[in-house]
Amino acid sequence: MFINLTPHTLNVRKADGTFLELPPSGTIARRSVERVVVGEVDGVTIYATKFGQLEGLPEPAEGTIYIVSALAAQACGDRDDVLVPGEAIRDKDGRVIGCNGLVRISEVGRGCQ
């Protein structure tokens, strides 16, 4: 079972070329973000981004795959049940209409933060 923890409906192209539509679950997995002023160049403020804890990701459940944003997944590289949308599929006008499969992001030695 797939649970979409993003705010958008995902249209995932399957191996046979058909699409699986995954509506948002109503829960969003996201990381807190803090912007810190680190300087100024020619009157333009320069910020650093500090990412915090991951929120909204349920504990693993047998047979369940959670789909999250790449930013959320990077905070949780040791979980085999956390995937992100694959490469975007665009229509002739450049609009995203789906994605090619799902992708596991792994960062060895990192747990959910």
# chains A, B, ... in the order shown; residues from 1 in each chain; ligands from 1

$ residues_around --residues "region 21-29 of chain A" --least-positions-apart "6" --cutoff "7 Å" --atoms "only C-alpha atoms" --output "number ranges by chain"
A: 3-12, 54-57, 68, 72

$ select_by_dssp --residues "chain A" --states "strand (DSSP E)" --output "PyMOL selection string"
chain A and resi 2-4+10-13+19-22+30-41+44-55+65-67+82-90+96-103

$ residues_around --residues "region 78-86 of chain A" --least-positions-apart "3" --cutoff "10 Å" --atoms "only C-alpha atoms" --output "PDB file with N, CA, C and O atoms, in the first residue's frame"
ATOM      1  N   PHE A   2       0.516   2.235  -0.819  1.00  0.00           N
ATOM      2  CA  PHE A   2       1.224   3.503  -0.878  1.00  0.00           C
ATOM      3  C   PHE A   2       0.432   4.559  -0.119  1.00  0.00           C
ATOM      4  O   PHE A   2      -0.782   4.650  -0.276  1.00  0.00           O
ATOM      5  N   ILE A   3       1.137   5.373   0.677  1.00  0.00           N
ATOM      6  CA  ILE A   3       0.526   6.512   1.351  1.00  0.00           C
ATOM      7  C   ILE A   3       1.291   7.759   0.919  1.00  0.00           C
ATOM      8  O   ILE A   3       2.503   7.862   1.126  1.00  0.00           O
ATOM      9  N   ASN A   4       0.569   8.683   0.292  1.00  0.00           N
ATOM     10  CA  ASN A   4       1.141   9.911  -0.234  1.00  0.00           C
ATOM     11  C   ASN A   4       1.167  10.973   0.858  1.00  0.00           C
ATOM     12  O   ASN A   4       0.131  11.507   1.236  1.00  0.00           O
ATOM     13  N   LEU A   5       2.367  11.285   1.357  1.00  0.00           N
ATOM     14  CA  LEU A   5       2.535  12.285   2.405  1.00  0.00           C
ATOM     15  C   LEU A   5       2.997  13.624   1.835  1.00  0.00           C
ATOM     16  O   LEU A   5       3.687  14.388   2.491  1.00  0.00           O
ATOM     17  N   THR A   6       2.621  13.892   0.569  1.00  0.00           N
ATOM     18  CA  THR A   6       2.861  15.197  -0.046  1.00  0.00           C
ATOM     19  C   THR A   6       1.509  15.901  -0.170  1.00  0.00           C
ATOM     20  O   THR A   6       0.461  15.260  -0.050  1.00  0.00           O
ATOM     21  N   LEU A  10      -0.330  12.486  -6.925  1.00  0.00           N
ATOM     22  CA  LEU A  10       0.786  11.982  -7.725  1.00  0.00           C
ATOM     23  C   LEU A  10       0.255  10.990  -8.745  1.00  0.00           C
ATOM     24  O   LEU A  10      -0.534  10.099  -8.408  1.00  0.00           O
ATOM     25  N   ASN A  11       0.682  11.144  -9.993  1.00  0.00           N
ATOM     26  CA  ASN A  11       0.364  10.202 -11.062  1.00  0.00           C
ATOM     27  C   ASN A  11       1.657   9.474 -11.404  1.00  0.00           C
ATOM     28  O   ASN A  11       2.534  10.040 -12.064  1.00  0.00           O
ATOM     29  N   VAL A  12       1.771   8.248 -10.924  1.00  0.00           N
ATOM     30  CA  VAL A  12       3.010   7.483 -11.037  1.00  0.00           C
ATOM     31  C   VAL A  12       2.899   6.500 -12.197  1.00  0.00           C
ATOM     32  O   VAL A  12       2.001   5.640 -12.209  1.00  0.00           O
ATOM     33  N   ARG A  13       3.814   6.645 -13.186  1.00  0.00           N
ATOM     34  CA  ARG A  13       3.810   5.713 -14.315  1.00  0.00           C
ATOM     35  C   ARG A  13       4.383   4.380 -13.847  1.00  0.00           C
ATOM     36  O   ARG A  13       5.452   4.308 -13.282  1.00  0.00           O
ATOM     37  N   LEU A  57       5.953  11.956   9.551  1.00  0.00           N
ATOM     38  CA  LEU A  57       6.237  10.632   8.988  1.00  0.00           C
ATOM     39  C   LEU A  57       5.848   9.565  10.006  1.00  0.00           C
ATOM     40  O   LEU A  57       6.421   9.503  11.098  1.00  0.00           O
ATOM     41  N   GLU A  59       5.463   5.872  11.834  1.00  0.00           N
ATOM     42  CA  GLU A  59       6.369   4.745  12.075  1.00  0.00           C
ATOM     43  C   GLU A  59       6.176   3.717  10.958  1.00  0.00           C
ATOM     44  O   GLU A  59       5.099   3.647  10.357  1.00  0.00           O
ATOM     45  N   PRO A  60       7.197   2.905  10.688  1.00  0.00           N
ATOM     46  CA  PRO A  60       7.044   1.875   9.654  1.00  0.00           C
ATOM     47  C   PRO A  60       5.855   0.953   9.960  1.00  0.00           C
ATOM     48  O   PRO A  60       5.568   0.654  11.128  1.00  0.00           O
ATOM     49  N   ALA A  61       5.175   0.544   8.897  1.00  0.00           N
ATOM     50  CA  ALA A  61       4.061  -0.401   9.012  1.00  0.00           C
ATOM     51  C   ALA A  61       4.242  -1.432   7.899  1.00  0.00           C
ATOM     52  O   ALA A  61       4.488  -1.063   6.749  1.00  0.00           O
ATOM     53  N   GLU A  62       4.138  -2.684   8.238  1.00  0.00           N
ATOM     54  CA  GLU A  62       4.377  -3.746   7.267  1.00  0.00           C
ATOM     55  C   GLU A  62       3.496  -3.575   6.029  1.00  0.00           C
ATOM     56  O   GLU A  62       2.294  -3.335   6.132  1.00  0.00           O
ATOM     57  N   GLY A  63       4.137  -3.650   4.856  1.00  0.00           N
ATOM     58  CA  GLY A  63       3.415  -3.562   3.598  1.00  0.00           C
ATOM     59  C   GLY A  63       3.048  -2.147   3.174  1.00  0.00           C
ATOM     60  O   GLY A  63       2.316  -1.972   2.207  1.00  0.00           O
ATOM     61  N   THR A  64       3.563  -1.140   3.893  1.00  0.00           N
ATOM     62  CA  THR A  64       3.215   0.248   3.594  1.00  0.00           C
ATOM     63  C   THR A  64       4.440   1.006   3.112  1.00  0.00           C
ATOM     64  O   THR A  64       5.502   0.927   3.720  1.00  0.00           O
ATOM     65  N   ILE A  65       4.276   1.740   2.004  1.00  0.00           N
ATOM     66  CA  ILE A  65       5.312   2.613   1.459  1.00  0.00           C
ATOM     67  C   ILE A  65       4.821   4.045   1.595  1.00  0.00           C
ATOM     68  O   ILE A  65       3.704   4.363   1.193  1.00  0.00           O
ATOM     69  N   TYR A  66       5.666   4.906   2.168  1.00  0.00           N
ATOM     70  CA  TYR A  66       5.329   6.313   2.333  1.00  0.00           C
ATOM     71  C   TYR A  66       6.033   7.119   1.247  1.00  0.00           C
ATOM     72  O   TYR A  66       7.236   6.965   1.035  1.00  0.00           O
ATOM     73  N   ILE A  67       5.303   7.985   0.561  1.00  0.00           N
ATOM     74  CA  ILE A  67       5.871   8.840  -0.474  1.00  0.00           C
ATOM     75  C   ILE A  67       5.949  10.248   0.083  1.00  0.00           C
ATOM     76  O   ILE A  67       4.947  10.804   0.543  1.00  0.00           O
ATOM     77  N   VAL A  68       7.166  10.806   0.051  1.00  0.00           N
ATOM     78  CA  VAL A  68       7.430  12.110   0.634  1.00  0.00           C
ATOM     79  C   VAL A  68       8.234  12.958  -0.350  1.00  0.00           C
ATOM     80  O   VAL A  68       8.669  12.475  -1.393  1.00  0.00           O
ATOM     81  N   SER A  69       8.490  14.209  -0.009  1.00  0.00           N
ATOM     82  CA  SER A  69       9.362  15.065  -0.822  1.00  0.00           C
ATOM     83  C   SER A  69      10.803  14.594  -0.666  1.00  0.00           C
ATOM     84  O   SER A  69      11.160  13.912   0.306  1.00  0.00           O
ATOM     85  N   ALA A  70      11.652  14.997  -1.617  1.00  0.00           N
ATOM     86  CA  ALA A  70      13.074  14.640  -1.546  1.00  0.00           C
ATOM     87  C   ALA A  70      13.708  15.223  -0.284  1.00  0.00           C
ATOM     88  O   ALA A  70      14.532  14.565   0.357  1.00  0.00           O
ATOM     89  N   LEU A  71      13.329  16.442   0.083  1.00  0.00           N
ATOM     90  CA  LEU A  71      13.883  17.065   1.280  1.00  0.00           C
ATOM     91  C   LEU A  71      13.542  16.258   2.525  1.00  0.00           C
ATOM     92  O   LEU A  71      14.397  16.030   3.385  1.00  0.00           O
ATOM     93  N   ALA A  72      12.313  15.793   2.619  1.00  0.00           N
ATOM     94  CA  ALA A  72      11.921  14.960   3.760  1.00  0.00           C
ATOM     95  C   ALA A  72      12.674  13.634   3.743  1.00  0.00           C
ATOM     96  O   ALA A  72      13.171  13.185   4.771  1.00  0.00           O
ATOM     97  N   ALA A  73      12.789  13.018   2.583  1.00  0.00           N
ATOM     98  CA  ALA A  73      13.462  11.720   2.473  1.00  0.00           C
ATOM     99  C   ALA A  73      14.935  11.802   2.843  1.00  0.00           C
ATOM    100  O   ALA A  73      15.503  10.862   3.402  1.00  0.00           O
ATOM    101  N   GLN A  74      15.579  12.915   2.563  1.00  0.00           N
ATOM    102  CA  GLN A  74      16.997  13.066   2.886  1.00  0.00           C
ATOM    103  C   GLN A  74      17.240  13.030   4.385  1.00  0.00           C
ATOM    104  O   GLN A  74      18.344  12.726   4.817  1.00  0.00           O
ATOM    105  N   ALA A  75      16.221  13.314   5.171  1.00  0.00           N
ATOM    106  CA  ALA A  75      16.349  13.271   6.623  1.00  0.00           C
ATOM    107  C   ALA A  75      16.128  11.866   7.157  1.00  0.00           C
ATOM    108  O   ALA A  75      16.222  11.640   8.353  1.00  0.00           O
ATOM    109  N   ILE A  89       7.315  13.681 -15.631  1.00  0.00           N
ATOM    110  CA  ILE A  89       6.821  13.488 -16.989  1.00  0.00           C
ATOM    111  C   ILE A  89       6.039  14.748 -17.332  1.00  0.00           C
ATOM    112  O   ILE A  89       5.156  15.158 -16.578  1.00  0.00           O
ATOM    113  N   GLY A  98       2.912  13.776 -14.385  1.00  0.00           N
ATOM    114  CA  GLY A  98       3.156  12.542 -13.652  1.00  0.00           C
ATOM    115  C   GLY A  98       4.637  12.372 -13.382  1.00  0.00           C
ATOM    116  O   GLY A  98       5.434  13.288 -13.592  1.00  0.00           O
ATOM    117  N   CYS A  99       4.989  11.168 -12.906  1.00  0.00           N
ATOM    118  CA  CYS A  99       6.390  10.861 -12.648  1.00  0.00           C
ATOM    119  C   CYS A  99       6.675   9.426 -13.068  1.00  0.00           C
ATOM    120  O   CYS A  99       5.782   8.589 -13.124  1.00  0.00           O
ATOM    121  N   ASN A 100       7.934   9.175 -13.378  1.00  0.00           N
ATOM    122  CA  ASN A 100       8.381   7.836 -13.753  1.00  0.00           C
ATOM    123  C   ASN A 100       8.742   7.057 -12.499  1.00  0.00           C
ATOM    124  O   ASN A 100       9.837   7.210 -11.948  1.00  0.00           O
ATOM    125  N   GLY A 101       7.830   6.257 -12.005  1.00  0.00           N
ATOM    126  CA  GLY A 101       8.097   5.406 -10.858  1.00  0.00           C
ATOM    127  C   GLY A 101       8.379   6.182  -9.589  1.00  0.00           C
ATOM    128  O   GLY A 101       8.078   7.370  -9.471  1.00  0.00           O
ATOM    129  N   LEU A 102       8.964   5.471  -8.646  1.00  0.00           N
ATOM    130  CA  LEU A 102       9.312   6.035  -7.346  1.00  0.00           C
ATOM    131  C   LEU A 102      10.786   5.750  -7.080  1.00  0.00           C
ATOM    132  O   LEU A 102      11.346   4.793  -7.614  1.00  0.00           O
ATOM    133  N   VAL A 103      11.409   6.577  -6.245  1.00  0.00           N
ATOM    134  CA  VAL A 103      12.854   6.513  -6.024  1.00  0.00           C
ATOM    135  C   VAL A 103      13.154   6.445  -4.532  1.00  0.00           C
ATOM    136  O   VAL A 103      12.533   7.152  -3.739  1.00  0.00           O
ATOM    137  N   ARG A 104      14.140   5.627  -4.178  1.00  0.00           N
ATOM    138  CA  ARG A 104      14.627   5.578  -2.798  1.00  0.00           C
ATOM    139  C   ARG A 104      15.851   6.483  -2.708  1.00  0.00           C
ATOM    140  O   ARG A 104      16.755   6.403  -3.514  1.00  0.00           O
ATOM    141  N   ILE A 105      15.865   7.364  -1.714  1.00  0.00           N
ATOM    142  CA  ILE A 105      17.021   8.220  -1.465  1.00  0.00           C
ATOM    143  C   ILE A 105      17.728   7.630  -0.254  1.00  0.00           C
ATOM    144  O   ILE A 105      17.111   7.469   0.794  1.00  0.00           O
ATOM    145  N   SER A 106      18.996   7.311  -0.424  1.00  0.00           N
ATOM    146  CA  SER A 106      19.691   6.737   0.722  1.00  0.00           C
ATOM    147  C   SER A 106      20.916   7.562   1.076  1.00  0.00           C
ATOM    148  O   SER A 106      21.649   8.007   0.212  1.00  0.00           O
ATOM    149  N   GLU A 107      21.056   7.778   2.347  1.00  0.00           N
ATOM    150  CA  GLU A 107      22.243   8.411   2.898  1.00  0.00           C
ATOM    151  C   GLU A 107      22.710   7.472   3.999  1.00  0.00           C
ATOM    152  O   GLU A 107      22.122   7.408   5.066  1.00  0.00           O
ATOM    153  N   VAL A 108      23.762   6.739   3.714  1.00  0.00           N
ATOM    154  CA  VAL A 108      24.250   5.716   4.636  1.00  0.00           C
ATOM    155  C   VAL A 108      24.574   6.336   5.992  1.00  0.00           C
ATOM    156  O   VAL A 108      25.215   7.385   6.074  1.00  0.00           O
ATOM    157  N   GLY A 109      24.089   5.678   7.025  1.00  0.00           N
ATOM    158  CA  GLY A 109      24.406   6.115   8.373  1.00  0.00           C
ATOM    159  C   GLY A 109      23.516   7.219   8.916  1.00  0.00           C
ATOM    160  O   GLY A 109      23.761   7.721  10.002  1.00  0.00           O
ATOM    161  N   ARG A 110      22.495   7.613   8.176  1.00  0.00           N
ATOM    162  CA  ARG A 110      21.606   8.682   8.629  1.00  0.00           C
ATOM    163  C   ARG A 110      20.281   8.077   9.049  1.00  0.00           C
ATOM    164  O   ARG A 110      19.692   7.320   8.326  1.00  0.00           O
ATOM    165  N   GLY A 111      19.819   8.461  10.190  1.00  0.00           N
ATOM    166  CA  GLY A 111      18.495   8.066  10.625  1.00  0.00           C
ATOM    167  C   GLY A 111      17.549   9.236  10.482  1.00  0.00           C
ATOM    168  O   GLY A 111      17.953  10.330  10.123  1.00  0.00           O
ATOM    169  N   CYS A 112      16.282   8.993  10.766  1.00  0.00           N
ATOM    170  CA  CYS A 112      15.306  10.088  10.701  1.00  0.00           C
ATOM    171  C   CYS A 112      15.676  11.135  11.743  1.00  0.00           C
ATOM    172  O   CYS A 112      15.975  10.810  12.877  1.00  0.00           O
TER     173      CYS A 112
END

$ select_by_dssp --residues "region 59-110 of chain A" --states "helix (DSSP H, G or I)" --output "list in words"
Ala70, Leu71, Ala72, Ala73 and Gln74 of chain A

$ write_last_selection --atoms "N, CA, C and O atoms" --output "PDB file, in the first residue's frame"
ATOM      1  N   ALA A  70      11.652  14.997  -1.617  1.00  0.00           N
ATOM      2  CA  ALA A  70      13.074  14.640  -1.546  1.00  0.00           C
ATOM      3  C   ALA A  70      13.708  15.223  -0.284  1.00  0.00           C
ATOM      4  O   ALA A  70      14.532  14.565   0.357  1.00  0.00           O
ATOM      5  N   LEU A  71      13.329  16.442   0.083  1.00  0.00           N
ATOM      6  CA  LEU A  71      13.883  17.065   1.280  1.00  0.00           C
ATOM      7  C   LEU A  71      13.542  16.258   2.525  1.00  0.00           C
ATOM      8  O   LEU A  71      14.397  16.030   3.385  1.00  0.00           O
ATOM      9  N   ALA A  72      12.313  15.793   2.619  1.00  0.00           N
ATOM     10  CA  ALA A  72      11.921  14.960   3.760  1.00  0.00           C
ATOM     11  C   ALA A  72      12.674  13.634   3.743  1.00  0.00           C
ATOM     12  O   ALA A  72      13.171  13.185   4.771  1.00  0.00           O
ATOM     13  N   ALA A  73      12.789  13.018   2.583  1.00  0.00           N
ATOM     14  CA  ALA A  73      13.462  11.720   2.473  1.00  0.00           C
ATOM     15  C   ALA A  73      14.935  11.802   2.843  1.00  0.00           C
ATOM     16  O   ALA A  73      15.503  10.862   3.402  1.00  0.00           O
ATOM     17  N   GLN A  74      15.579  12.915   2.563  1.00  0.00           N
ATOM     18  CA  GLN A  74      16.997  13.066   2.886  1.00  0.00           C
ATOM     19  C   GLN A  74      17.240  13.030   4.385  1.00  0.00           C
ATOM     20  O   GLN A  74      18.344  12.726   4.817  1.00  0.00           O
TER      21      GLN A  74
END

$ residues_around --residues "region 33-39 of chain A" --least-positions-apart "2" --cutoff "8 Å" --atoms "only C-alpha atoms" --output "JSON list (two decimals) with N, CA and C atoms, in the first residue's frame"
[["chain", "number", "residue", "atom", "x", "y", "z"],
["A", 31, "ARG", "N", 10.13, 18.89, 6.79],
["A", 31, "ARG", "CA", 11.16, 19.31, 7.74],
["A", 31, "ARG", "C", 10.97, 20.79, 8.06],
["A", 41, "VAL", "N", 25.60, 41.20, -0.11],
["A", 41, "VAL", "CA", 26.43, 41.46, -1.28],
["A", 41, "VAL", "C", 25.69, 42.47, -2.15],
["A", 45, "THR", "N", 20.60, 40.76, 0.67],
["A", 45, "THR", "CA", 20.79, 39.93, 1.86],
["A", 45, "THR", "C", 21.03, 38.48, 1.44],
["A", 46, "ILE", "N", 22.03, 37.85, 2.06],
["A", 46, "ILE", "CA", 22.35, 36.45, 1.81],
["A", 46, "ILE", "C", 21.95, 35.64, 3.04],
["A", 47, "TYR", "N", 21.22, 34.56, 2.80],
["A", 47, "TYR", "CA", 20.71, 33.72, 3.87],
["A", 47, "TYR", "C", 21.34, 32.32, 3.80],
["A", 48, "ALA", "N", 21.43, 31.68, 4.93],
["A", 48, "ALA", "CA", 21.74, 30.25, 5.00],
["A", 48, "ALA", "C", 20.47, 29.55, 5.44],
["A", 49, "THR", "N", 20.28, 28.35, 4.97],
["A", 49, "THR", "CA", 19.11, 27.57, 5.33],
["A", 49, "THR", "C", 19.52, 26.46, 6.28],
["A", 50, "LYS", "N", 18.83, 26.39, 7.41],
["A", 50, "LYS", "CA", 19.06, 25.31, 8.38],
["A", 50, "LYS", "C", 17.80, 24.46, 8.41],
["A", 51, "PHE", "N", 17.96, 23.16, 8.14],
["A", 51, "PHE", "CA", 16.83, 22.24, 8.16],
["A", 51, "PHE", "C", 16.77, 21.55, 9.51],
["A", 52, "GLY", "N", 15.56, 21.43, 10.03],
["A", 52, "GLY", "CA", 15.36, 20.83, 11.33],
["A", 52, "GLY", "C", 14.78, 19.43, 11.25]]
